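What follows is the content of my_file32.tsv, which has TSV, C-alpha atoms:
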```tsv
chain	number	residue	atom	x	y	z
B	28	MET	CA	156.64	180.92	178.34
B	29	ASP	CA	156.84	184.70	178.09
B	30	VAL	CA	159.37	186.65	176.01
B	31	GLN	CA	161.28	187.93	179.04
B	32	THR	CA	161.85	184.37	180.32
B	33	MET	CA	162.95	183.25	176.85
B	34	ILE	CA	165.45	186.11	176.59
B	35	SER	CA	166.70	185.40	180.13
B	36	LEU	CA	167.26	181.76	179.25
B	37	VAL	CA	169.24	182.69	176.13
B	38	ILE	CA	171.40	185.15	178.09
B	39	VAL	CA	172.04	182.62	180.89
B	40	GLY	CA	172.93	180.00	178.28
B	41	MET	CA	175.29	182.37	176.48
B	42	PHE	CA	177.03	183.32	179.74
B	43	ALA	CA	177.40	179.68	180.82
B	44	GLY	CA	178.61	178.71	177.34
B	45	MET	CA	181.17	181.50	177.26
B	46	LEU	CA	182.56	180.51	180.66
B	47	SER	CA	182.54	176.86	179.66
B	48	GLY	CA	184.59	177.60	176.56
B	49	LEU	CA	186.78	180.06	178.45
B	50	VAL	CA	187.76	178.12	181.54
B	51	GLY	CA	186.53	174.59	180.81
B	52	ILE	CA	183.77	174.51	183.42
B	53	GLY	CA	180.59	172.61	182.90
B	54	GLY	CA	177.46	174.67	182.66
B	55	GLY	CA	176.55	173.64	186.19
B	56	ILE	CA	178.70	176.21	187.95
B	57	ILE	CA	176.90	179.07	186.23
B	58	LEU	CA	173.77	177.52	184.79
B	59	VAL	CA	172.45	175.73	187.87
B	60	PRO	CA	172.62	178.76	190.21
B	61	ALA	CA	171.26	181.06	187.49
B	62	LEU	CA	168.29	178.80	186.80
B	63	VAL	CA	167.57	178.47	190.54
B	64	PHE	CA	168.10	182.06	191.68
B	65	ILE	CA	167.24	184.10	188.59
B	66	LEU	CA	164.58	182.02	186.90
B	67	GLY	CA	163.12	180.20	189.92
B	68	PHE	CA	163.76	176.60	188.81
B	69	SER	CA	163.92	173.91	191.47
B	70	GLN	CA	167.42	172.60	192.19
B	71	MET	CA	166.59	169.29	190.55
B	72	ASN	CA	165.10	170.88	187.41
B	73	ALA	CA	168.13	173.16	187.12
B	74	GLN	CA	170.53	170.22	187.41
B	75	GLY	CA	168.61	168.11	184.92
B	76	THR	CA	168.46	170.99	182.44
B	77	SER	CA	172.18	171.65	182.83
B	78	LEU	CA	173.01	168.00	182.21
B	79	ALA	CA	170.79	167.88	179.13
B	80	LEU	CA	172.55	170.98	177.81
B	81	ILE	CA	176.08	169.57	177.92
B	82	MET	CA	175.29	166.79	175.50
B	83	PHE	CA	177.22	166.48	172.25
B	84	PRO	CA	175.91	169.26	169.96
B	85	VAL	CA	176.54	172.13	172.36
B	86	GLY	CA	180.20	171.53	173.18
B	87	ILE	CA	181.54	170.49	169.77
B	88	LEU	CA	182.67	173.96	168.66
B	89	SER	CA	184.65	174.51	171.87
B	90	VAL	CA	186.27	171.08	171.49
B	91	ILE	CA	187.33	171.90	167.92
B	92	GLN	CA	189.00	175.13	169.07
B	93	TYR	CA	190.87	173.44	171.91
B	94	TYR	CA	191.90	170.57	169.59
B	95	LYS	CA	193.29	173.00	167.01
B	96	HIS	CA	195.56	174.41	169.70
B	97	GLY	CA	196.69	171.01	170.97
B	98	TYR	CA	194.75	170.96	174.20
B	99	VAL	CA	192.69	167.80	173.72
B	100	ASP	CA	194.22	164.45	174.62
B	101	PHE	CA	192.09	161.87	172.82
B	102	LYS	CA	194.12	159.00	174.29
B	103	ILE	CA	192.69	159.52	177.76
B	104	LEU	CA	189.24	160.66	176.68
B	105	PRO	CA	187.62	157.18	176.54
B	106	LEU	CA	188.68	156.41	180.10
B	107	ILE	CA	187.41	159.70	181.43
B	108	ALA	CA	184.18	159.23	179.46
B	109	ILE	CA	183.61	155.81	181.02
B	110	GLY	CA	184.11	157.28	184.48
B	111	TYR	CA	181.96	160.30	183.64
B	112	ILE	CA	179.13	158.11	182.36
B	113	ALA	CA	179.21	155.87	185.42
B	114	GLY	CA	179.62	158.80	187.79
B	115	SER	CA	176.80	160.79	186.25
B	116	PHE	CA	174.50	157.75	186.43
B	117	TRP	CA	175.20	157.10	190.11
B	118	GLY	CA	175.32	160.79	191.01
B	119	SER	CA	171.91	161.38	189.46
B	120	ARG	CA	170.49	158.28	191.15
B	121	ILE	CA	171.69	159.46	194.53
B	122	SER	CA	170.66	163.07	193.88
B	123	THR	CA	167.09	162.23	192.94
B	124	HIS	CA	166.63	160.46	196.29
B	125	LEU	CA	167.99	163.27	198.48
B	126	PRO	CA	166.11	166.35	199.69
B	127	GLN	CA	166.67	169.46	197.57
B	128	GLU	CA	168.17	171.40	200.51
B	129	ILE	CA	170.88	168.75	200.98
B	130	ILE	CA	171.77	168.91	197.28
B	131	LYS	CA	172.06	172.72	197.45
B	132	LYS	CA	174.41	172.46	200.43
B	133	ILE	CA	176.57	169.82	198.74
B	134	PHE	CA	176.80	172.02	195.64
B	135	ALA	CA	177.73	175.11	197.69
B	136	VAL	CA	180.39	173.28	199.71
B	137	LEU	CA	181.87	171.83	196.53
B	138	LEU	CA	182.16	175.30	194.97
B	139	ILE	CA	183.82	176.68	198.11
B	140	VAL	CA	186.31	173.80	198.33
B	141	ILE	CA	187.23	174.11	194.65
B	142	ALA	CA	187.63	177.90	194.96
B	143	ILE	CA	189.90	177.60	198.02
B	144	LYS	CA	191.99	174.89	196.38
B	145	MET	CA	192.38	176.90	193.18
B	146	MET	CA	193.24	180.10	195.02
B	147	PHE	CA	195.69	178.76	197.61
B	148	PHE	CA	196.77	175.16	197.01
B	149	ASP	CA	197.08	174.55	193.27
B	150	LYS	CA	200.51	176.02	192.49
B	151	SER	CA	202.68	172.87	192.39
B	152	ASN	CA	201.58	171.34	189.08
B	153	GLN	CA	201.08	174.64	187.25
B	154	LYS	CA	204.66	174.81	185.85
B	155	LYS	CA	204.61	171.17	184.76
B	156	ILE	CA	201.26	171.50	182.97
B	157	THR	CA	202.30	174.78	181.30
B	158	MET	CA	205.52	173.17	180.04
B	159	GLN	CA	203.63	170.13	178.70
B	160	ASN	CA	201.14	172.34	176.86
B	161	SER	CA	203.96	174.46	175.39
B	162	SER	CA	205.71	171.33	174.12
B	163	ARG	CA	202.46	169.98	172.69
B	164	ASN	CA	201.73	173.28	170.92
B	165	LYS	CA	205.20	173.34	169.33
B	166	LEU	CA	204.72	169.80	168.03
B	167	ASN	CA	201.32	170.62	166.53
B	168	ARG	CA	202.55	173.63	164.58
```
What would the structure in this file look like if it were written as structure tokens?
Amino acid sequence: MDVQTMISLVIVGMFAGMLSGLVGIGGGIILVPALVFILGFSQMNAQGTSLALIMFPVGILSVIQYYKHGYVDFKILPLIAIGYIAGSFWGSRISTHLPQEIIKKIFAVLLIVIAIKMMFFDKSNQKKITMQNSSRNKLNR
């Protein structure tokens, strides 16, 4: 691996990590397209690399910061983790049996749907969530 590729990988990782810590996205939204379009990875290699990256050691510092500010609910975490583990297993099983072009299209449609929902249809729960977080922060101080 040449120096330019190594530097590119570090920069892509830093950008994905910053956005992950900033807005709570997984590395996939930034990392997968960057690995495919900038560094020439296959879709499957990019997805596998992204999944390997989100394992425990990488996210711990972000979790600590969010926990300090009262934004981590450990009561629901085990349930989400069980679903995440099962979902990631089945998602990867399905993905590895589909053509790469289909996976790219699914990924693109998902990003578009999420963007439209966030921009135009996600206003109703915003006040409720903000109030819950404010109450939680007051209790943790």
Between CA of Gly55 (chain B) and CA of Phe147 (chain B), what distance in Å does the model show, to one decimal? 22.9 Å
Separation of CA of Leu80 (chain B) and CA of Val59 (chain B), in Å?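 So the two atoms, CA of Leu80 (chain B) and CA of Val59 (chain B), lie 11.1 Å apart.
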Just the number, please: distance in Å from CA of Thr123 (chain B) to CA of Ala73 (chain B), one decimal.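 One can read the CA of Thr123 (chain B) to CA of Ala73 (chain B) distance as 12.4 Å.
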Residue nearest Ile81 (chain B) - candidates B:Ala43, B:Leu104, B:Leu62, B:Ala142, atoms counted: only C-alpha atoms: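 Nearest to Ile81 (chain B): B:Ala43.
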Pick from B:His96, B:Ser35, B:Ala108, B:Gly40, whichever lies nearest to Gly67 (chain B) using all atoms listed in the file: B:Ser35
Can you pull out every residue within 12 Å of region 135-139 of chain B, counting only C-alpha atoms, but drop anything in the same chain fewer than 2 positions away, and send it as a ChimeraX atom specification? /B:52,55-57,59-60,70,128-133,141-146
Using only C-alpha atoms, which residue out of B:Ala79, B:Ala61, B:Val30, B:Ile91 lies closest to Ser115 (chain B)?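 Selected residue with least distance to Ser115 (chain B): B:Ala79.
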My list of candidates is B:Phe101, B:Tyr94, B:Leu66, B:Leu78. Which is closest to Thr32 (chain B) when distances are computed with all atoms listed in the file? B:Leu66
Could you put an axis-aligned box around every listed atom of region 106-111 of chain B, padded by 8 Å on each side, and send me its centre and edge lengths in Å to one decimal, as lines of an AutoDock Vina configuration file?
```
center_x = 185.3
center_y = 158.1
center_z = 182.0
size_x = 22.7
size_y = 20.5
size_z = 21.0
```
